[in-house]
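The file start.cif comes next; it holds mmCIF, C-alpha atoms and all ligand atoms.
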```cif
data_data
#
loop_
_atom_site.label_atom_id
_atom_site.label_comp_id
_atom_site.auth_asym_id
_atom_site.auth_seq_id
_atom_site.Cartn_x
_atom_site.Cartn_y
_atom_site.Cartn_z
CA MET I 1 0.00 0.00 0.00
CA GLN I 2 1.38 3.41 -0.97
CA THR I 3 -1.47 5.76 -0.19
CA LEU I 4 -4.03 5.67 2.59
CA ALA I 5 -6.86 8.08 3.27
CA ILE I 6 -8.14 8.74 6.77
CA ILE I 7 -11.72 9.93 6.71
CA GLY I 8 -14.28 10.63 9.43
CA SER I 9 -17.33 8.46 8.87
CA GLN I 10 -19.75 10.31 11.19
CA TRP I 11 -20.13 13.98 12.18
CA GLY I 12 -16.47 14.55 12.98
CA ASP I 13 -14.57 14.10 16.26
CA GLU I 14 -14.09 10.38 15.60
CA GLY I 15 -10.41 10.39 16.61
CA LYS I 16 -8.79 10.95 13.22
CA GLY I 17 -5.85 12.85 14.74
CA LYS I 18 -4.63 10.05 16.97
CA ILE I 19 -4.92 7.42 14.21
CA THR I 20 -3.13 9.71 11.72
CA ASP I 21 -0.42 10.35 14.29
CA LEU I 22 0.12 6.64 14.81
CA LEU I 23 0.11 5.71 11.12
CA SER I 24 2.46 8.63 10.35
CA GLN I 25 5.24 6.57 11.90
CA LYS I 26 5.32 4.63 8.66
CA ALA I 27 4.37 7.42 6.23
CA ASP I 28 6.66 9.81 4.35
CA ILE I 29 4.05 12.52 3.86
CA VAL I 30 0.82 13.50 5.60
CA VAL I 31 -1.51 15.86 3.74
CA ARG I 32 -4.48 17.84 5.08
CA TYR I 33 -6.71 18.50 2.09
CA GLN I 34 -9.83 20.33 3.28
CA GLY I 35 -11.36 22.26 6.16
CA GLY I 36 -9.50 24.68 8.34
CA ASN I 37 -9.12 25.46 12.01
CA ASN I 38 -12.69 24.35 12.59
CA ALA I 39 -11.04 20.95 13.08
CA GLY I 40 -9.45 19.94 16.37
CA HIS I 41 -7.27 16.86 16.24
CA THR I 42 -6.19 15.78 19.71
CA ILE I 43 -3.10 13.65 20.22
CA TRP I 44 -1.81 12.38 23.56
CA VAL I 45 1.89 11.61 23.79
CA ASP I 46 3.31 10.38 27.11
CA GLY I 47 0.47 11.98 29.02
CA LYS I 48 0.79 15.33 27.20
CA LYS I 49 -2.17 16.63 25.21
CA ILE I 50 -1.50 18.31 21.87
CA VAL I 51 -4.40 19.78 19.91
CA LEU I 52 -3.82 20.44 16.21
CA HIS I 53 -6.25 22.51 14.14
CA LEU I 54 -4.41 23.23 10.89
CA VAL I 55 -1.03 21.58 11.16
CA PRO I 56 -1.33 17.97 9.91
CA SER I 57 -1.13 15.25 12.56
CA GLY I 58 2.06 13.83 11.04
CA ILE I 59 4.04 16.72 12.50
CA LEU I 60 5.07 14.87 15.64
CA HIS I 61 7.20 12.50 13.56
CA PRO I 62 10.34 14.35 12.41
CA HIS I 63 10.91 12.17 9.34
CA CYS I 64 7.45 12.97 7.98
CA LEU I 65 6.63 15.95 5.75
CA SER I 66 3.31 17.54 6.74
CA ILE I 67 1.53 19.34 3.91
CA VAL I 68 -1.38 21.78 4.10
CA GLY I 69 -2.99 21.24 0.70
CA HIS I 70 -4.69 23.80 -1.52
CA GLY I 71 -8.15 22.52 -0.52
CA VAL I 72 -7.71 23.87 3.02
CA VAL I 73 -8.80 27.35 4.14
CA LEU I 74 -5.95 28.77 6.21
CA GLU I 75 -6.27 31.30 8.99
CA PRO I 76 -2.68 32.59 9.08
CA GLU I 77 -2.73 33.91 12.63
CA ALA I 78 -4.13 30.65 14.02
CA PHE I 79 -1.63 28.69 11.93
CA MET I 80 1.36 30.61 13.27
CA LYS I 81 0.12 30.30 16.88
CA GLU I 82 -0.15 26.57 16.37
CA VAL I 83 3.35 26.35 14.91
CA ILE I 84 4.75 28.17 17.95
CA ASN I 85 2.85 25.82 20.25
CA VAL I 86 3.94 22.64 18.46
CA ARG I 87 7.55 23.89 18.50
CA ASN I 88 7.46 23.21 22.26
CA HIS I 89 7.36 19.52 21.33
CA ILE I 90 9.24 19.22 18.04
CA ASP I 91 11.43 21.25 15.66
CA ILE I 92 9.46 22.69 12.78
CA SER I 93 11.03 24.03 9.61
CA LYS I 94 10.32 23.95 5.90
CA LYS I 95 11.82 20.44 5.92
CA ASN I 96 8.81 19.00 7.77
CA LEU I 97 6.00 21.50 7.15
CA MET I 98 4.72 22.95 3.89
CA ILE I 99 1.71 25.03 2.84
CA SER I 100 0.47 25.05 -0.73
CA GLU I 101 0.87 28.50 -2.25
CA ASN I 102 -2.67 28.17 -3.61
CA THR I 103 -4.35 27.58 -0.25
CA ALA I 104 -7.22 29.99 0.37
CA VAL I 105 -6.88 32.45 3.25
CA ILE I 106 -9.43 33.22 5.97
CA THR I 107 -9.50 36.97 6.53
CA SER I 108 -10.72 38.88 9.59
CA TRP I 109 -13.88 39.76 7.63
CA HIS I 110 -14.70 36.08 7.04
CA LYS I 111 -14.64 35.39 10.76
CA GLN I 112 -16.81 38.39 11.51
CA ILE I 113 -19.35 37.47 8.82
CA ASP I 114 -19.52 33.90 10.14
CA ALA I 115 -20.20 35.13 13.69
CA ALA I 116 -22.70 37.77 12.55
CA ARG I 117 -24.73 35.28 10.50
CA GLU I 118 -24.84 32.82 13.36
CA GLY I 119 -26.05 35.57 15.67
CA GLN I 120 -28.40 37.43 13.36
CA GLY I 121 -28.98 35.25 10.29
CA ALA I 122 -32.15 33.32 9.41
CA VAL I 123 -30.62 29.83 9.76
CA LYS I 124 -28.34 28.99 12.65
CA ILE I 125 -25.96 26.21 11.63
CA GLY I 126 -23.99 26.13 14.87
CA THR I 127 -20.69 26.76 13.08
CA THR I 128 -17.37 26.88 14.86
CA GLY I 129 -17.24 30.62 14.12
CA LYS I 130 -13.85 30.37 12.42
CA GLY I 131 -14.91 31.92 9.12
CA ILE I 132 -14.85 28.62 7.22
CA GLY I 133 -18.08 29.04 5.22
CA PRO I 134 -17.46 32.66 4.14
CA ALA I 135 -13.87 31.82 3.11
CA TYR I 136 -15.01 28.88 0.93
CA GLU I 137 -17.79 31.05 -0.55
CA ASP I 138 -15.17 33.57 -1.65
CA LYS I 139 -12.88 30.87 -3.00
CA ILE I 140 -15.64 29.33 -5.14
CA GLY I 141 -16.94 32.80 -6.05
CA ARG I 142 -13.43 33.66 -7.33
CA LYS I 143 -13.11 36.44 -4.79
CA GLY I 144 -10.65 34.78 -2.45
CA VAL I 145 -7.14 35.60 -1.36
CA ARG I 146 -4.58 32.83 -1.57
CA VAL I 147 -1.47 32.25 0.52
CA ARG I 148 0.76 33.33 -2.38
CA ASP I 149 -0.96 36.76 -2.33
CA LEU I 150 0.23 37.32 1.24
CA LEU I 151 3.85 37.44 0.10
CA ASN I 152 3.56 40.55 -2.06
CA LYS I 153 2.07 43.63 -0.43
CA ASP I 154 0.99 45.41 -3.62
CA GLN I 155 -0.58 42.27 -5.04
CA LEU I 156 -2.34 41.61 -1.74
CA HIS I 157 -3.69 45.15 -1.54
CA SER I 158 -4.99 45.13 -5.08
CA ARG I 159 -6.56 41.68 -4.59
CA LEU I 160 -8.31 42.84 -1.41
CA LYS I 161 -9.43 46.06 -3.09
CA GLN I 162 -11.04 44.07 -5.90
CA THR I 163 -12.88 41.75 -3.55
CA ALA I 164 -13.34 43.19 -0.05
CA GLU I 165 -15.68 46.09 -0.56
CA GLU I 166 -18.85 44.05 -0.47
CA LYS I 167 -17.74 42.23 2.68
CA ILE I 168 -17.05 45.52 4.44
CA PHE I 169 -20.40 46.86 3.22
CA LEU I 170 -22.17 43.76 4.56
CA LEU I 171 -20.47 43.96 7.95
CA GLU I 172 -20.94 47.68 8.47
CA LYS I 173 -24.30 48.34 6.82
CA LYS I 174 -26.22 45.11 7.36
CA TYR I 175 -24.77 43.88 10.65
CA GLY I 176 -23.57 47.19 12.10
CA ILE I 177 -20.16 45.74 12.94
CA GLU I 178 -16.94 47.70 12.85
CA CYS I 179 -14.23 46.02 10.82
CA LEU I 180 -10.72 46.54 9.52
CA SER I 181 -10.18 48.73 6.46
CA ILE I 182 -8.58 47.30 3.35
CA ASP I 183 -5.31 49.04 4.21
CA ALA I 184 -5.28 47.69 7.76
CA GLU I 185 -6.14 44.14 6.67
CA THR I 186 -3.44 44.31 3.99
CA GLU I 187 -0.88 45.29 6.62
CA ARG I 188 -2.04 42.53 9.04
CA LEU I 189 -2.06 39.77 6.44
CA PHE I 190 1.23 40.87 4.90
CA GLN I 191 2.95 40.68 8.32
CA LEU I 192 1.53 37.20 8.82
CA GLY I 193 2.69 36.27 5.32
CA GLN I 194 6.24 37.21 6.33
CA GLU I 195 5.98 34.83 9.28
CA LEU I 196 4.71 31.89 7.31
CA LYS I 197 6.59 32.37 4.05
CA GLU I 198 9.30 29.84 4.91
CA PHE I 199 6.64 27.11 4.66
CA VAL I 200 5.02 28.23 1.40
CA GLY I 201 5.73 26.34 -1.80
CA ASP I 202 4.56 24.15 -4.64
CA ALA I 203 2.97 21.48 -2.46
CA PHE I 204 1.14 19.94 -5.40
CA GLY I 205 4.45 19.45 -7.27
CA VAL I 206 6.17 18.01 -4.20
CA LEU I 207 3.32 15.57 -3.68
CA GLN I 208 3.21 14.49 -7.32
CA ASP I 209 6.94 13.90 -7.32
CA ALA I 210 6.73 11.89 -4.09
CA LEU I 211 3.93 9.72 -5.48
CA VAL I 212 5.96 8.93 -8.58
CA ARG I 213 8.90 7.98 -6.40
CA GLY I 214 6.76 5.54 -4.43
CA LYS I 215 6.69 7.54 -1.20
CA LYS I 216 4.03 6.59 1.33
CA VAL I 217 1.33 9.20 1.63
CA LEU I 218 -1.37 9.58 4.24
CA TYR I 219 -4.31 11.87 3.48
CA GLU I 220 -5.73 13.30 6.68
CA GLY I 221 -9.39 14.25 6.49
CA ALA I 222 -11.08 16.70 8.80
CA GLN I 223 -14.70 16.63 10.02
CA GLY I 224 -16.80 13.66 8.87
CA ALA I 225 -18.84 12.35 5.93
CA LEU I 226 -22.14 13.61 7.37
CA LEU I 227 -20.73 17.15 7.42
CA ASP I 228 -19.79 17.00 3.72
CA VAL I 229 -21.28 19.88 1.74
CA ASP I 230 -22.68 17.48 -0.89
CA TYR I 231 -23.27 14.23 0.99
CA GLY I 232 -23.98 15.54 4.49
CA THR I 233 -27.07 16.69 6.38
CA TYR I 234 -27.40 19.93 4.41
CA PRO I 235 -27.60 22.79 5.39
CA TYR I 236 -26.16 21.60 8.73
CA VAL I 237 -22.79 20.80 7.21
CA THR I 238 -19.40 22.37 6.80
CA SER I 239 -18.45 24.00 3.50
CA SER I 240 -15.96 21.48 2.12
CA SER I 241 -15.78 17.95 0.71
CA THR I 242 -15.01 15.86 3.74
CA THR I 243 -15.38 12.58 1.82
CA LEU I 244 -12.95 10.85 -0.52
CA ALA I 245 -13.67 13.30 -3.34
CA GLY I 246 -12.07 16.10 -1.30
CA ILE I 247 -8.65 14.48 -1.68
CA HIS I 248 -8.69 14.73 -5.45
CA THR I 249 -9.59 18.41 -5.50
CA GLY I 250 -7.85 19.45 -2.29
CA ALA I 251 -4.47 17.74 -2.61
CA GLY I 252 -4.11 15.83 -5.86
CA THR I 253 -3.47 12.13 -6.26
CA LEU I 254 -1.87 10.00 -8.91
CA LYS I 255 -4.35 8.85 -11.57
CA GLY I 256 -7.05 9.73 -9.07
CA GLN I 257 -6.18 6.68 -6.96
CA VAL I 258 -6.06 6.21 -3.22
CA ASN I 259 -5.14 2.62 -2.32
CA GLU I 260 -7.15 2.25 0.87
CA VAL I 261 -9.66 4.37 2.69
CA LEU I 262 -9.87 4.03 6.45
CA GLY I 263 -13.10 5.35 7.98
CA ILE I 264 -12.56 6.53 11.53
CA THR I 265 -15.66 5.63 13.51
CA LYS I 266 -16.51 6.29 17.11
CA ALA I 267 -18.10 3.25 18.80
CA TYR I 268 -21.09 5.53 19.45
CA THR I 269 -22.16 8.71 17.63
CA THR I 270 -21.63 12.37 18.49
CA ARG I 271 -22.49 15.66 16.87
CA VAL I 272 -21.78 19.34 17.65
CA GLY I 273 -23.88 22.16 16.31
CA GLU I 274 -27.39 22.02 14.91
CA GLY I 275 -28.95 19.39 12.62
CA PRO I 276 -30.75 16.03 12.72
CA PHE I 277 -29.31 13.12 14.71
CA PRO I 278 -31.48 9.96 14.63
CA THR I 279 -29.86 8.04 17.51
CA GLU I 280 -29.36 11.02 19.82
CA LEU I 281 -29.93 10.12 23.48
CA PHE I 282 -31.66 12.63 25.72
CA ASP I 283 -31.55 10.44 28.82
CA GLU I 284 -29.02 9.52 31.49
CA ILE I 285 -27.22 7.14 29.09
CA GLY I 286 -26.51 10.05 26.72
CA ALA I 287 -25.34 12.14 29.68
CA TYR I 288 -23.12 9.26 30.87
CA ILE I 289 -21.47 8.86 27.45
CA GLN I 290 -20.97 12.63 27.16
CA LYS I 291 -19.33 12.84 30.57
CA THR I 292 -17.30 9.62 30.48
CA GLY I 293 -16.24 10.19 26.89
CA GLY I 294 -15.20 13.80 27.62
CA GLU I 295 -17.39 14.78 24.69
CA VAL I 296 -16.57 18.47 24.51
CA GLY I 297 -15.49 20.16 21.26
CA ALA I 298 -11.69 20.49 20.95
CA THR I 299 -12.09 23.74 18.98
CA THR I 300 -15.08 25.46 20.55
CA GLY I 301 -15.49 23.81 23.95
CA ARG I 302 -19.13 23.04 23.14
CA ILE I 303 -20.79 19.96 24.67
CA ARG I 304 -21.22 17.25 22.01
CA ARG I 305 -24.59 15.57 21.57
CA CYS I 306 -24.29 11.78 22.03
CA GLY I 307 -26.15 8.70 20.79
CA TRP I 308 -25.80 5.04 19.86
CA LEU I 309 -23.83 3.76 16.89
CA ASP I 310 -25.85 4.29 13.71
CA LEU I 311 -25.28 1.57 11.10
CA PRO I 312 -27.51 3.09 8.35
CA LEU I 313 -25.34 6.22 8.49
CA LEU I 314 -22.16 4.16 8.39
CA ARG I 315 -23.39 2.14 5.39
CA TYR I 316 -23.99 5.47 3.65
CA SER I 317 -20.52 6.74 4.63
CA ILE I 318 -18.97 3.61 3.19
CA GLN I 319 -20.68 4.40 -0.12
CA CYS I 320 -19.72 8.10 -0.05
CA SER I 321 -16.00 7.47 0.45
CA SER I 322 -15.51 3.88 -0.75
CA LEU I 323 -14.25 2.97 2.72
CA THR I 324 -12.19 -0.21 2.74
CA SER I 325 -11.94 -0.66 6.52
CA ILE I 326 -12.83 1.16 9.70
CA ALA I 327 -11.07 2.10 12.92
CA LEU I 328 -13.39 1.78 15.89
CA THR I 329 -12.46 4.35 18.53
CA LYS I 330 -13.47 5.05 22.13
CA LEU I 331 -14.48 1.47 22.85
CA ASP I 332 -13.32 2.05 26.42
CA ILE I 333 -16.22 4.46 26.98
CA LEU I 334 -18.80 1.74 26.29
CA SER I 335 -16.96 -0.78 28.46
CA GLY I 336 -18.79 -1.52 31.70
CA MET I 337 -22.11 0.02 30.66
CA ASP I 338 -25.25 -1.95 31.57
CA VAL I 339 -26.86 -1.61 28.14
CA LEU I 340 -25.43 -1.69 24.66
CA LYS I 341 -27.41 -0.95 21.53
CA VAL I 342 -26.76 -0.27 17.86
CA CYS I 343 -29.20 1.18 15.39
CA GLU I 344 -29.46 -1.38 12.59
CA ALA I 345 -32.10 0.28 10.38
CA TYR I 346 -34.54 3.20 10.18
CA GLU I 347 -38.28 3.16 9.92
CA CYS I 348 -39.88 6.02 8.01
CA ASP I 349 -43.45 6.29 6.71
CA GLY I 350 -43.96 2.56 7.28
CA LYS I 351 -40.86 1.57 5.27
CA ILE I 352 -37.60 0.10 6.55
CA PHE I 353 -34.27 1.54 5.38
CA LYS I 354 -30.96 -0.24 5.99
CA THR I 355 -28.94 2.66 4.55
CA ALA I 356 -29.37 6.41 4.91
CA ARG I 357 -30.03 8.13 1.58
CA PRO I 358 -29.01 11.64 0.54
CA GLY I 359 -32.57 12.88 0.16
CA MET I 360 -33.76 11.40 3.46
CA ASP I 361 -35.05 13.74 6.15
CA LEU I 362 -33.11 12.34 9.08
CA SER I 363 -35.21 14.33 11.55
CA ARG I 364 -38.19 12.07 10.67
CA VAL I 365 -36.63 8.61 10.75
CA LYS I 366 -37.14 6.28 13.72
CA PRO I 367 -34.12 4.18 14.67
CA ILE I 368 -34.62 0.43 15.05
CA TYR I 369 -32.25 -0.83 17.71
CA ARG I 370 -30.63 -4.17 18.32
CA ASP I 371 -29.70 -4.97 21.94
CA LEU I 372 -26.28 -6.48 22.40
CA LYS I 373 -24.60 -8.09 25.38
CA PRO I 374 -22.66 -5.31 27.16
CA PHE I 375 -18.92 -5.83 27.43
CA LYS I 376 -16.42 -5.07 30.16
CA ASP I 377 -12.83 -5.26 29.07
CA ASP I 378 -9.60 -4.14 30.72
CA PHE I 379 -7.95 -3.95 27.29
CA ILE I 380 -4.67 -5.15 28.77
CA SER I 381 -4.49 -8.65 27.38
CA ASP I 382 -4.30 -9.25 23.65
CA GLN I 383 -7.46 -11.30 23.81
CA LEU I 384 -10.71 -9.35 23.59
CA THR I 385 -13.57 -10.50 25.85
CA PRO I 386 -16.19 -12.55 23.96
CA ASN I 387 -18.86 -9.82 24.21
CA LEU I 388 -16.53 -7.15 22.81
CA GLN I 389 -15.43 -9.53 20.08
CA ALA I 390 -19.12 -10.16 19.30
CA TYR I 391 -19.71 -6.37 19.09
CA ILE I 392 -16.84 -5.99 16.60
CA ASP I 393 -17.94 -9.09 14.64
CA LEU I 394 -21.46 -7.72 14.34
CA ILE I 395 -20.22 -4.38 13.01
CA GLU I 396 -17.99 -6.11 10.46
CA LYS I 397 -20.82 -8.37 9.33
CA GLU I 398 -23.34 -5.54 9.06
CA LEU I 399 -21.00 -3.15 7.26
CA GLY I 400 -19.24 -5.68 5.08
CA ILE I 401 -15.75 -4.25 5.71
CA PRO I 402 -13.17 -5.13 8.37
CA VAL I 403 -12.52 -3.32 11.62
CA GLY I 404 -8.78 -2.74 11.13
CA ILE I 405 -8.09 -0.79 14.30
CA ALA I 406 -9.66 -0.82 17.76
CA ALA I 407 -8.89 2.11 20.07
CA PHE I 408 -9.33 1.80 23.82
CA GLY I 409 -8.11 5.20 24.93
CA PRO I 410 -6.42 8.39 23.79
CA ASP I 411 -2.79 7.32 24.02
CA ARG I 412 -0.74 5.76 21.20
CA LYS I 413 -0.31 2.67 23.41
CA GLN I 414 -4.07 2.12 23.66
CA ILE I 415 -4.59 1.53 19.95
CA LYS I 416 -4.70 -2.07 18.73
CA PHE I 417 -4.10 -3.00 15.10
CA LEU I 418 -6.29 -5.87 13.87
CA LYS I 419 -5.05 -5.38 10.30
CA SER I 420 -1.80 -3.94 8.94
CA TYR I 421 -1.55 -0.63 7.12
CA PHE I 422 1.49 0.42 5.04
P1 LIG I 501 -18.12 25.26 10.22
O1 LIG I 501 -17.28 24.21 9.62
O2 LIG I 501 -17.42 26.05 11.30
O3 LIG I 501 -18.76 26.15 9.19
O4 LIG I 501 -19.35 24.55 10.98
C1 LIG I 501 -20.36 23.85 10.29
C2 LIG I 501 -20.82 22.61 11.06
O5 LIG I 501 -19.77 21.67 11.09
C3 LIG I 501 -21.17 22.88 12.53
O6 LIG I 501 -22.21 22.01 12.91
C4 LIG I 501 -19.91 22.51 13.27
O7 LIG I 501 -20.16 22.15 14.61
C5 LIG I 501 -19.45 21.32 12.45
N1 LIG I 501 -18.00 21.10 12.51
C6 LIG I 501 -17.03 21.78 11.86
N2 LIG I 501 -15.84 21.28 12.15
C7 LIG I 501 -16.04 20.26 12.98
C8 LIG I 501 -15.17 19.31 13.61
O8 LIG I 501 -13.94 19.32 13.44
N3 LIG I 501 -15.77 18.39 14.39
C9 LIG I 501 -17.11 18.32 14.57
N4 LIG I 501 -17.96 19.17 14.00
C10 LIG I 501 -17.43 20.14 13.22
#
```
Show the structure stored in the file as structure tokens.
Ligand code: IMP
Amino acid sequence: MQTLAIIGSQWGDEGKGKITDLLSQKADIVVRYQGGNNAGHTIWVDGKKIVLHLVPSGILHPHCLSIVGHGVVLEPEAFMKEVINVRNHIDISKKNLMISENTAVITSWHKQIDAAREGQGAVKIGTTGKGIGPAYEDKIGRKGVRVRDLLNKDQLHSRLKQTAEEKIFLLEKKYGIECLSIDAETERLFQLGQELKEFVGDAFGVLQDALVRGKKVLYEGAQGALLDVDYGTYPYVTSSSTTLAGIHTGAGTLKGQVNEVLGITKAYTTRVGEGPFPTELFDEIGAYIQKTGGEVGATTGRIRRCGWLDLPLLRYSIQCSSLTSIALTKLDILSGMDVLKVCEAYECDGKIFKTARPGMDLSRVKPIYRDLKPFKDDFISDQLTPNLQAYIDLIEKELGIPVGIAAFGPDRKQIKFLKSYF
């Protein structure tokens, strides 16, 4: 295997960071290809917690080149803060970190528009408030600023002048919010450009060259399939392609191929922000999972909504990203519970659905649950207890793909490989 994609199969927060970190040991390159600092990838190393938002999770392995691909939206100030923070753990230079010169930039206006819409707009999405949606709107609307523009003050100023007036008008006249002038934003972004310029380059070319030379590449997804702008629970989604397709547009692959696609899947389901959630639990079990699982957003600190594992959604995710195996994370949270359920199908208008469909109104479906024997495992011995093994076997049988990784806690040492990668 030369290339492996790591994709969230639910609504994000499945534990992609820790699996990417672990698999990076064997990879030459790790590429982030979509999203921005709305993501929060938490990695625990020797009891120390490191949260990455924009810097790829391969960064903790010095041999590995971490690339921020052109499909990402980059907030330069947040990026530089993160670099300074990660430098407390590892040396960072252009040898192990690179940003594509074509990556779109999140400006101060994007963040303000995001916050204003959430506060005053007609539809509240429950965004992370990082300016992600407005930045992607500008990119697709051909009004964006790219990282390369930050390196030349005149070019940056003229680009902002061509594109910023309507944003300033919107902020000041519609929302009544004071914002930076074009001159002030030019100055701010140019200064940030000077700080990050050592990392800027032809990431696409570097990646293509590495693929030809047989280098091992890991594509690190952010968010999850159900937050995908095309496949997800629209409009309660993020503004990028979080599924397999995002890799092709956001990073570039050889002949459009990714060898294997690993779907990171929490052993239960969580969601932050608004939007339908069929298996959401509003009782003490949901509260227990939230508390025991520490289900609080790594980026926003919001409490995550919790529910049982949802197989119809996972079957859909498998289709959206051609998943070839899954990693089942946070099994330790379910260990010792008195009840254990999975949703095996939905009922809607008298019909049974085994797989979620894109046009389905998930707020109307009724989950059909299967009760399983609860498991209690200390996860120390190599042997899984029979009930946990039965839980994993059932998931494999129902989804038709193997569980390649089982994670029993946040640390690298608590992740068990049931299949080999790379
Ligand atoms: P945005 O990406 O900030 O525009 O937020 C859109 C939706 O995606 C909101 O429901 C967010 O809570 C959700 N979201 C964005 N990033 C993440 C993530 O990394 N984990 C979980 N949910 C996320």
Q: Report the distance between atom CA of I:Phe375 and atom CA of I:Gly263 in Å, rounded to one decimal place.
A: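 Taking atom CA of I:Phe375 as the start and atom CA of I:Gly263 as the end point, the length is 23.2 Å.
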Nearby residues, ligand LIG 501 (chain I), 9 Å, only C-alpha atoms and all ligand atoms, as a short mmCIF file (atom, residue, chain, number, x, y, z; two decimals) with C-alpha atoms, in the coordinates of the input:
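That gives us part23.cif:
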```
data_model
loop_
_atom_site.label_atom_id
_atom_site.label_comp_id
_atom_site.auth_asym_id
_atom_site.auth_seq_id
_atom_site.Cartn_x
_atom_site.Cartn_y
_atom_site.Cartn_z
CA TRP I 11 -20.13 13.98 12.18
CA GLY I 12 -16.47 14.55 12.98
CA ASP I 13 -14.57 14.10 16.26
CA GLU I 14 -14.09 10.38 15.60
CA GLY I 35 -11.36 22.26 6.16
CA GLY I 36 -9.50 24.68 8.34
CA ASN I 37 -9.12 25.46 12.01
CA ASN I 38 -12.69 24.35 12.59
CA ALA I 39 -11.04 20.95 13.08
CA GLY I 40 -9.45 19.94 16.37
CA HIS I 41 -7.27 16.86 16.24
CA HIS I 53 -6.25 22.51 14.14
CA ASP I 114 -19.52 33.90 10.14
CA ILE I 125 -25.96 26.21 11.63
CA GLY I 126 -23.99 26.13 14.87
CA THR I 127 -20.69 26.76 13.08
CA THR I 128 -17.37 26.88 14.86
CA GLY I 129 -17.24 30.62 14.12
CA LYS I 130 -13.85 30.37 12.42
CA GLY I 131 -14.91 31.92 9.12
CA ILE I 132 -14.85 28.62 7.22
CA GLY I 133 -18.08 29.04 5.22
CA PRO I 134 -17.46 32.66 4.14
CA ALA I 222 -11.08 16.70 8.80
CA GLN I 223 -14.70 16.63 10.02
CA GLY I 224 -16.80 13.66 8.87
CA LEU I 227 -20.73 17.15 7.42
CA ASP I 228 -19.79 17.00 3.72
CA PRO I 235 -27.60 22.79 5.39
CA TYR I 236 -26.16 21.60 8.73
CA VAL I 237 -22.79 20.80 7.21
CA THR I 238 -19.40 22.37 6.80
CA SER I 239 -18.45 24.00 3.50
CA SER I 240 -15.96 21.48 2.12
CA THR I 270 -21.63 12.37 18.49
CA ARG I 271 -22.49 15.66 16.87
CA VAL I 272 -21.78 19.34 17.65
CA GLY I 273 -23.88 22.16 16.31
CA GLU I 274 -27.39 22.02 14.91
CA GLY I 275 -28.95 19.39 12.62
CA GLY I 297 -15.49 20.16 21.26
CA ALA I 298 -11.69 20.49 20.95
CA THR I 299 -12.09 23.74 18.98
CA THR I 300 -15.08 25.46 20.55
CA ARG I 302 -19.13 23.04 23.14
CA ARG I 304 -21.22 17.25 22.01
#
```
Q) atom CA of I:Thr20 and atom CA of I:Gly58 are how many Å apart? A)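 Calculated distance between atom CA of I:Thr20 and atom CA of I:Gly58 is 6.7 Å.
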**Q.** Point-to-point distance in Å for atom CA of I:Gly252 and atom CA of I:Gly193
**A.**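 Interatomic distance, atom CA of I:Gly193 to atom CA of I:Gly252: 24.3 Å.
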Q. Which residue gives the smallest distance to I:Thr324 among I:Gln34, I:Thr233, I:Ser9, I:Thr186, with all atoms listed in the file counted?
A.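 When distances to I:Thr324 are compared using all atoms listed in the file, the smallest one comes from I:Ser9.
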Q.
Please list as a PyMOL selection string every residue within 9 Å of stretch 73-88 of chain I, counting all atoms listed in the file and excluding residues in the same chain fewer than 3 positions away.
A. chain I and resi 34-37+50-55+59-60+68+70+91-92+103-108+130-132+135-136+139+146-147+189+192-193+195-196
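Of the residues under consideration (I:Phe190, I:Trp308, I:Tyr316, I:Phe353), I:Phe190 shows the shortest atom-to-atom contact distance to I:Asp149 when counting only C-alpha atoms.
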Q. Hey, what's within 12 Å of I:Glu344 if we count only C-alpha atoms and toss same-chain stuff fewer than 3 positions away? As a VMD selection string, please?
A. chain I and resid 278 to 279 308 to 315 341 347 352 to 356 366 to 372 394 to 395 397 to 399
Q. From the list I:Gly144, I:Gly69, I:Gly359, I:Gly307, which residue is nearest I:Val206 when using only C-alpha atoms?
A.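 Residue with the minimum atom-to-atom distance to I:Val206: I:Gly69.
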Q.
Could you list, as a PyMOL selection string, every residue within 12 Å of I:Asp28, counting all atoms listed in the file and ignoring same-chain residues fewer than 5 positions away?
A. chain I and resi 2-4+23+58-59+61-67+95-96+206-207+210-211+213-219+422
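Of the residues under consideration (I:Ala5, I:Ala116, I:Leu150, I:Val229), I:Val229 shows the shortest atom-to-atom contact distance to I:Glu137 when counting all atoms listed in the file.
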(Q) Considering all atoms listed in the file, can you say which of I:Gly121, I:Gly8, I:Gly250, I:Gly205 comes closest to I:Arg32? (A)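 Distance minimum relative to I:Arg32 lands on I:Gly250.
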